[in-house]
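Q: Got final_2.cif for you, mmCIF, C-alpha atoms:
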data_work
loop_
_atom_site.label_atom_id
_atom_site.label_comp_id
_atom_site.auth_asym_id
_atom_site.auth_seq_id
_atom_site.Cartn_x
_atom_site.Cartn_y
_atom_site.Cartn_z
CA MET A 1222 -5.92 10.47 -3.95
CA GLN A 1223 -7.34 13.92 -4.72
CA LEU A 1224 -6.50 16.79 -2.40
CA THR A 1225 -8.12 20.23 -2.18
CA VAL A 1226 -6.50 22.85 0.04
CA ASP A 1227 -8.41 25.73 1.62
CA LYS A 1228 -6.40 28.08 3.84
CA GLN A 1229 -8.62 29.56 6.55
CA PRO A 1230 -7.53 31.86 9.38
CA GLN A 1231 -8.10 29.16 12.04
CA ALA A 1232 -6.61 26.23 10.11
CA THR A 1233 -5.62 24.95 6.73
CA ILE A 1234 -8.30 22.54 5.54
CA VAL A 1235 -7.20 19.65 3.32
CA ALA A 1236 -10.14 17.79 1.79
CA ALA A 1237 -8.99 14.35 0.67
CA SER A 1238 -10.77 11.96 -1.65
CA GLY A 1239 -9.97 8.36 -2.59
CA LYS A 1240 -7.82 5.73 -0.91
CA LEU A 1241 -5.19 6.47 1.72
CA ASP A 1242 -3.05 3.42 0.92
CA ALA A 1243 0.53 2.76 -0.18
CA ALA A 1244 -0.12 4.85 -3.30
CA GLY A 1245 -2.22 7.61 -1.76
CA ALA A 1246 -0.41 8.10 1.55
CA PRO A 1247 2.79 9.62 0.08
CA GLU A 1248 0.65 12.14 -1.84
CA LEU A 1249 -1.10 13.32 1.32
CA GLU A 1250 2.13 13.32 3.30
CA THR A 1251 4.11 15.33 0.73
CA ARG A 1252 1.36 17.91 0.28
CA CYS A 1253 0.78 18.41 4.00
CA LYS A 1254 4.50 18.58 4.80
CA ALA A 1255 4.82 21.37 2.22
CA LEU A 1256 1.92 23.20 3.88
CA ILE A 1257 3.56 22.85 7.28
CA GLN A 1258 6.80 24.24 5.84
CA GLU A 1259 4.83 27.18 4.48
CA GLY A 1260 3.62 27.90 8.01
CA SER A 1261 0.31 26.01 8.21
CA ASN A 1262 0.81 24.29 11.55
CA ARG A 1263 -2.90 23.75 12.21
CA LEU A 1264 -4.22 21.17 9.74
CA LEU A 1265 -7.76 19.92 9.39
CA LEU A 1266 -8.06 16.83 7.23
CA ASP A 1267 -11.57 16.42 5.86
CA PHE A 1268 -11.89 12.67 5.19
CA ALA A 1269 -15.56 12.60 4.16
CA GLN A 1270 -14.56 11.31 0.70
CA VAL A 1271 -11.87 8.91 1.90
CA GLU A 1272 -13.18 5.38 1.45
CA TYR A 1273 -10.18 3.37 2.63
CA VAL A 1274 -7.19 3.70 4.98
CA SER A 1275 -4.49 1.01 5.27
CA SER A 1276 -1.54 0.81 7.66
CA ALA A 1277 0.45 2.84 5.10
CA GLY A 1278 -2.13 5.59 5.53
CA LEU A 1279 -2.00 5.37 9.32
CA ARG A 1280 1.77 5.65 9.14
CA SER A 1281 1.49 8.90 7.15
CA LEU A 1282 -1.04 10.33 9.59
CA LEU A 1283 1.40 9.57 12.40
CA VAL A 1284 4.22 11.29 10.52
CA LEU A 1285 2.02 14.36 10.00
CA ALA A 1286 0.85 14.40 13.62
CA LYS A 1287 4.49 14.47 14.70
CA ALA A 1288 5.34 17.18 12.16
CA VAL A 1289 2.58 19.58 13.24
CA LYS A 1290 3.36 18.95 16.86
CA SER A 1291 7.02 19.91 16.43
CA ALA A 1292 5.83 22.98 14.49
CA GLY A 1293 3.80 23.95 17.56
CA GLY A 1294 0.42 23.26 15.97
CA GLY A 1295 -2.16 20.51 15.72
CA LEU A 1296 -3.92 18.08 13.42
CA ALA A 1297 -7.57 17.00 13.43
CA LEU A 1298 -9.69 14.79 11.20
CA CYS A 1299 -13.35 15.10 10.38
CA GLY A 1300 -16.14 13.40 8.46
CA LEU A 1301 -14.85 9.82 8.61
CA VAL A 1302 -17.05 7.13 7.05
CA PRO A 1303 -17.88 4.27 9.48
CA THR A 1304 -15.39 1.72 8.09
CA VAL A 1305 -12.53 4.24 8.21
CA ARG A 1306 -13.54 5.36 11.69
CA ASP A 1307 -13.41 1.68 12.78
CA VAL A 1308 -9.82 1.42 11.56
CA MET A 1309 -8.87 4.56 13.45
CA THR A 1310 -10.34 3.32 16.72
CA ILE A 1311 -9.14 -0.30 16.35
CA SER A 1312 -5.57 0.90 15.77
CA GLY A 1313 -5.71 3.28 18.73
CA PHE A 1314 -5.15 6.29 16.45
CA ASP A 1315 -8.23 8.00 17.85
CA ASN A 1316 -6.12 8.55 20.99
CA ILE A 1317 -3.51 10.61 19.14
CA LEU A 1318 -5.60 12.20 16.39
CA PRO A 1319 -8.76 14.05 17.35
CA LEU A 1320 -11.71 12.82 15.25
CA ALA A 1321 -14.57 15.26 14.76
CA ALA A 1322 -17.95 14.81 13.15
CA ASP A 1323 -17.65 17.84 10.89
CA ARG A 1324 -15.42 20.81 10.03
CA ALA A 1325 -16.92 23.14 12.62
CA ALA A 1326 -16.32 20.65 15.43
CA ALA A 1327 -12.78 19.97 14.18
CA LEU A 1328 -11.95 23.69 14.08
CA GLU A 1329 -13.06 23.93 17.71
CA LEU A 1330 -10.61 21.13 18.58
CA LEU A 1331 -7.77 23.00 16.85
CA LYS A 1332 -8.31 26.26 18.74
CA MET B 125 -13.82 -20.08 -5.18
CA LEU B 126 -12.45 -16.95 -6.85
CA ALA B 127 -8.80 -16.92 -7.91
CA TRP B 128 -6.25 -14.40 -9.09
CA SER B 129 -2.55 -14.42 -9.90
CA MET B 130 -0.22 -11.50 -9.70
CA THR B 131 3.48 -10.65 -9.67
CA ASN B 132 5.56 -9.15 -6.86
CA ASP B 133 4.98 -5.61 -8.05
CA SER B 134 3.04 -2.77 -6.39
CA ALA B 135 1.30 -1.77 -9.61
CA ASP B 136 0.11 -5.34 -10.11
CA LEU B 137 -1.14 -5.39 -6.51
CA ALA B 138 -3.19 -2.25 -7.22
CA ARG B 139 -4.68 -3.96 -10.30
CA VAL B 140 -5.62 -7.10 -8.36
CA LEU B 141 -7.14 -5.16 -5.45
CA ASP B 142 -9.39 -3.28 -7.88
CA GLU B 143 -10.36 -6.53 -9.61
CA VAL B 144 -11.27 -8.09 -6.27
CA ASP B 145 -13.39 -5.03 -5.42
CA GLU B 146 -15.21 -5.39 -8.74
CA ARG B 147 -15.88 -9.10 -8.23
CA LEU B 148 -17.16 -8.55 -4.70
CA ALA B 149 -19.26 -5.48 -5.53
CA PRO B 150 -22.39 -7.40 -6.64
CA LEU B 151 -22.18 -9.90 -3.75
CA PRO B 152 -24.37 -9.36 -0.66
CA LEU B 153 -21.47 -8.53 1.66
CA SER B 154 -21.37 -5.82 4.32
CA PRO B 155 -19.19 -2.74 3.70
CA LYS B 156 -17.16 -3.87 6.69
CA ARG B 157 -16.38 -7.24 5.14
CA LYS B 158 -15.48 -5.77 1.74
CA TYR B 159 -13.16 -3.37 3.54
CA ALA B 160 -11.62 -6.24 5.51
CA VAL B 161 -10.90 -8.25 2.35
CA ARG B 162 -9.12 -5.33 0.72
CA LEU B 163 -7.17 -4.58 3.89
CA ALA B 164 -6.06 -8.20 4.38
CA LEU B 165 -4.86 -8.51 0.79
CA ASP B 166 -3.24 -5.05 0.81
CA GLU B 167 -1.32 -5.59 4.06
CA LEU B 168 -0.23 -9.20 3.48
CA LEU B 169 0.68 -8.78 -0.18
CA SER B 170 2.56 -5.53 0.47
CA ASN B 171 4.63 -7.44 3.02
CA VAL B 172 5.35 -10.17 0.49
CA ILE B 173 6.29 -7.68 -2.25
CA HIS B 174 8.61 -5.65 -0.02
CA HIS B 175 10.15 -8.30 2.24
CA ALA B 176 9.89 -11.80 0.75
CA TYR B 177 12.42 -11.59 -2.06
CA ASP B 178 16.14 -10.86 -2.13
CA ASP B 179 16.47 -11.07 -5.92
CA ALA B 180 15.15 -8.78 -8.64
CA ALA B 181 13.25 -11.56 -10.43
CA VAL B 182 9.55 -11.60 -11.19
CA HIS B 183 7.70 -13.96 -8.82
CA ARG B 184 4.18 -15.27 -9.08
CA ILE B 185 1.77 -14.93 -6.16
CA ASP B 186 -1.54 -16.82 -6.13
CA LEU B 187 -4.69 -15.70 -4.34
CA GLN B 188 -7.93 -17.52 -3.68
CA LEU B 189 -11.07 -16.19 -2.07
CA GLU B 190 -13.96 -18.31 -0.82
CA PRO B 191 -16.87 -15.88 -0.50
CA GLY B 192 -19.21 -18.35 1.28
CA GLU B 193 -19.32 -19.72 4.80
CA PRO B 194 -16.66 -20.07 6.02
CA PHE B 195 -15.46 -16.91 4.32
CA PHE B 196 -11.70 -17.03 3.83
CA LEU B 197 -8.83 -16.24 1.51
CA THR B 198 -5.43 -17.80 0.88
CA ILE B 199 -2.18 -16.35 -0.39
CA ALA B 200 0.67 -18.48 -1.77
CA ASP B 201 4.12 -17.07 -2.53
CA ASP B 202 7.56 -18.56 -3.14
CA GLY B 203 9.42 -15.98 -1.05
CA LYS B 204 11.55 -16.45 2.04
CA PRO B 205 9.82 -18.39 4.82
CA PHE B 206 7.76 -15.92 6.83
CA ASP B 207 5.12 -16.81 9.38
CA PRO B 208 2.92 -13.74 9.90
CA THR B 209 1.33 -15.42 12.92
CA ALA B 210 4.68 -15.64 14.72
CA ASP B 211 7.38 -13.46 13.17
CA ALA B 212 5.76 -10.03 13.13
CA PRO B 213 7.07 -7.36 15.50
CA PRO B 214 4.38 -6.15 17.91
CA PRO B 215 3.22 -2.60 17.26
CA VAL B 216 3.74 0.06 19.92
CA LEU B 217 0.65 2.21 20.26
CA ASP B 218 1.02 3.69 23.71
CA GLY B 219 2.83 6.83 24.70
CA PRO B 220 3.01 10.30 23.25
CA VAL B 221 2.89 10.84 19.50
CA GLU B 222 6.56 11.70 19.11
CA ASP B 223 7.68 8.49 20.85
CA ARG B 224 5.69 6.07 18.75
CA PRO B 225 7.67 4.11 16.19
CA ILE B 226 6.49 4.21 12.60
CA GLY B 227 5.40 0.89 11.10
CA GLY B 228 4.52 -2.59 12.37
CA LEU B 229 0.81 -1.90 12.15
CA GLY B 230 -0.62 -3.95 9.30
CA LEU B 231 -0.79 -7.36 10.96
CA HIS B 232 -1.97 -5.77 14.21
CA LEU B 233 -4.86 -4.19 12.33
CA LEU B 234 -5.94 -7.50 10.81
CA ALA B 235 -5.90 -9.21 14.21
CA GLN B 236 -7.80 -6.36 15.84
CA MET B 237 -10.46 -6.58 13.13
CA GLY B 238 -11.07 -10.18 14.13
CA MET B 239 -9.29 -11.94 11.26
CA ARG B 240 -7.56 -15.21 12.11
CA LEU B 241 -4.38 -16.03 10.23
CA SER B 242 -2.88 -19.48 9.80
CA TYR B 243 0.38 -20.37 8.13
CA ARG B 244 2.22 -23.31 6.71
CA ARG B 245 5.27 -23.78 4.52
CA GLU B 246 4.74 -26.30 1.76
CA ALA B 247 6.83 -27.20 -1.30
CA GLY B 248 8.92 -24.05 -1.02
CA ARG B 249 5.92 -21.74 -0.69
CA ASN B 250 4.42 -19.70 2.11
CA LEU B 251 0.72 -20.49 2.44
CA VAL B 252 -1.27 -18.01 4.48
CA ARG B 253 -4.97 -18.41 5.13
CA VAL B 254 -7.12 -15.62 6.52
CA ASP B 255 -10.47 -16.47 8.12
CA PHE B 256 -12.83 -13.55 8.51
CA PRO B 257 -15.09 -12.94 11.49
CA GLU B 258 -18.83 -13.43 11.20
CA ALA B 259 -20.31 -10.72 9.01
#
Step by step, read the file and then write its structure as structure tokens.
A:
Amino acid sequence: MQLTVDKQPQATIVAASGKLDAAGAPELETRCKALIQEGSNRLLLDFAQVEYVSSAGLRSLLVLAKAVKSAGGGLALCGLVPTVRDVMTISGFDNILPLAADRAAALELLK
Amino acid sequence: MLAWSMTNDSADLARVLDEVDERLAPLPLSPKRKYAVRLALDELLSNVIHHAYDDAAVHRIDLQLEPGEPFFLTIADDGKPFDPTADAPPPVLDGPVEDRPIGGLGLHLLAQMGMRLSYRREAGRNLVRVDFPEA
């Protein structure tokens, strides 16, 4: 999993690439938790380059959603490919994590 | 019928999942079905690796994939008896974020994606078959 961080005034954008599975999920979780500790409590995860999410990945997203919430912020995802979007809706995660088409729409959700 | 063997080790699981992807790549399968195959193997084999064995020994796990019609795969392991169609805890998805428990999602995902699991215990091995929904 490759992660690129871009700190913007409205939110910290984390662009992820690769597979959010048992190997990739801890990488995303550790990086984002560090960002939250540094004060980034509004996180935008750009998943345009994420090709696969397993239950291990969903678990990490849930952990991060809880962490930003207790830090008084929010978490949104954008750019999901159709197969990944299916997994998010089938698992009911679209009810707890806002899914946006692109970064601009996601930033609106985090306002 | 395609077949692979692996050991109860996460690194070996990663190797096999990539090999399966490579074998399926040239086949005329939808992205959804390729995703489903990886997810089924990932979830079920991760369960076997992390929960089926009480010892530190190396165990062999056998996989077979029938990429025709019906399209199905089987997993055989010599771990503790575990029936994924009966013994899995139901996931809790309702309620606010902070109240949701973490975990228990993998088998739920497979069921929600339309995969049908069947199980039998035979000669000291767990045999799990996964039938995939129509492409």
Q: Apply the PyMOL selection byres ((chain A) within 7 of (chain B)) to the file shown and report the selected residues as a PyMOL selection string.
A: chain A and resi 1275-1276+1280+1287+1304+1311-1313+1317
Q: In file coordinates, which residues lie within 7 Å of (-11.0, 14.9, 2.5) using all atoms listed in the file, given as a PyMOL selection string?
A: chain A and resi 1224+1235-1238+1266-1271
Q: For a cut-off of 12 Å around (-17.9, 24.6, 11.4), file coordinates, pick out all residues using all atoms listed in the file and list them as a compact mmCIF listing (two decimals) with C-alpha atoms, in the frame of the given file.
A:
# COMPACT_ATOMS: atom_id res chain seq x y z
CA GLN A 1229 -8.62 29.56 6.55
CA GLN A 1231 -8.10 29.16 12.04
CA ALA A 1232 -6.61 26.23 10.11
CA ILE A 1234 -8.30 22.54 5.54
CA LEU A 1265 -7.76 19.92 9.39
CA ASP A 1267 -11.57 16.42 5.86
CA CYS A 1299 -13.35 15.10 10.38
CA GLY A 1300 -16.14 13.40 8.46
CA ALA A 1321 -14.57 15.26 14.76
CA ALA A 1322 -17.95 14.81 13.15
CA ASP A 1323 -17.65 17.84 10.89
CA ARG A 1324 -15.42 20.81 10.03
CA ALA A 1325 -16.92 23.14 12.62
CA ALA A 1326 -16.32 20.65 15.43
CA ALA A 1327 -12.78 19.97 14.18
CA LEU A 1328 -11.95 23.69 14.08
CA GLU A 1329 -13.06 23.93 17.71
CA LEU A 1330 -10.61 21.13 18.58
CA LEU A 1331 -7.77 23.00 16.85
Q: Using all atoms listed in the file, find the one residue out of A:Leu1279, A:Met1222, A:Val1308, A:Lys1240 that sits nearest to Arg1252 of chain A.
A: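 Ranking A:Leu1279, A:Met1222, A:Val1308, A:Lys1240 by distance to Arg1252 of chain A, first place goes to A:Met1222.
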Q: Considering only C-alpha atoms, return as a list in words whatever protein or nucleic-acid residues lie within 8 Å of segment 1291-1295 of chain A, sequence-local ones (same chain, fewer than 4 positions apart) excluded.
A: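 Neighbouring residues, sequence-local ones excluded: Ile1257, Asn1262, Arg1263, Leu1264, Ala1286, Lys1287 and Leu1331 of chain A.
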Q: Using only C-alpha atoms, please write the residues we just selected to a file, as a PDB file, in the coordinates of the input.
A:
ATOM      1  CA  ILE A1257       3.560  22.850   7.280  1.00  0.00           C
ATOM      2  CA  ASN A1262       0.810  24.290  11.550  1.00  0.00           C
ATOM      3  CA  ARG A1263      -2.900  23.750  12.210  1.00  0.00           C
ATOM      4  CA  LEU A1264      -4.220  21.170   9.740  1.00  0.00           C
ATOM      5  CA  ALA A1286       0.850  14.400  13.620  1.00  0.00           C
ATOM      6  CA  LYS A1287       4.490  14.470  14.700  1.00  0.00           C
ATOM      7  CA  LEU A1331      -7.770  23.000  16.850  1.00  0.00           C
TER       8      LEU A1331
END
Q: Please indicate the distance in Å from atom CA of Ile173 of chain B to atom CA of Glu258 of chain B, rounded to one decimal place.
A: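 According to the coordinates, atom CA of Ile173 of chain B and atom CA of Glu258 of chain B are separated by 29.1 Å.
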Q: In Å, how far is it from atom CA of Asp1307 of chain A to atom CA of Leu137 of chain B?
A: 23.9 Å
Q: Box for segment 202-211 of chain B: with edges along x, y and z, all listed atoms inside and 6 Å added on each side, what are the centre and edge lengths in Å to one decimal, as JSON?
A:
{"center_x": 6.4, "center_y": -16.0, "center_z": 5.8, "size_x": 22.2, "size_y": 17.1, "size_z": 29.9}
Q: Which one of A:Thr1225, A:Ser1281, A:Glu1259, A:Val1305 sits closest to Pro1247 of chain A if you count all atoms listed in the file?
A: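 Ranked by minimum distance to Pro1247 of chain A, first place goes to A:Ser1281.
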Q: Name the residues captured by the PyMOL selection byres ((chain B and resi 178-186) around 7) when it is applied to the shown file; answer as a list in words.
A: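 This file gives the following for the PyMOL selection byres ((chain B and resi 178-186) around 7): Trp128, Ser129, Met130, Thr131, Asn132, Ala176, Tyr177, Leu187, Gln188, Ile199, Ala200 and Asp201 of chain B.
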Q: Store the residues of this selection in a file with C-alpha atoms, as a PDB file, in the frame of the given file.
A:
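Output contents, as saved in selection26.pdb:
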ATOM      1  CA  TRP B 128      -6.250 -14.400  -9.090  1.00  0.00           C
ATOM      2  CA  SER B 129      -2.550 -14.420  -9.900  1.00  0.00           C
ATOM      3  CA  MET B 130      -0.220 -11.500  -9.700  1.00  0.00           C
ATOM      4  CA  THR B 131       3.480 -10.650  -9.670  1.00  0.00           C
ATOM      5  CA  ASN B 132       5.560  -9.150  -6.860  1.00  0.00           C
ATOM      6  CA  ALA B 176       9.890 -11.800   0.750  1.00  0.00           C
ATOM      7  CA  TYR B 177      12.420 -11.590  -2.060  1.00  0.00           C
ATOM      8  CA  LEU B 187      -4.690 -15.700  -4.340  1.00  0.00           C
ATOM      9  CA  GLN B 188      -7.930 -17.520  -3.680  1.00  0.00           C
ATOM     10  CA  ILE B 199      -2.180 -16.350  -0.390  1.00  0.00           C
ATOM     11  CA  ALA B 200       0.670 -18.480  -1.770  1.00  0.00           C
ATOM     12  CA  ASP B 201       4.120 -17.070  -2.530  1.00  0.00           C
TER      13      ASP B 201
END
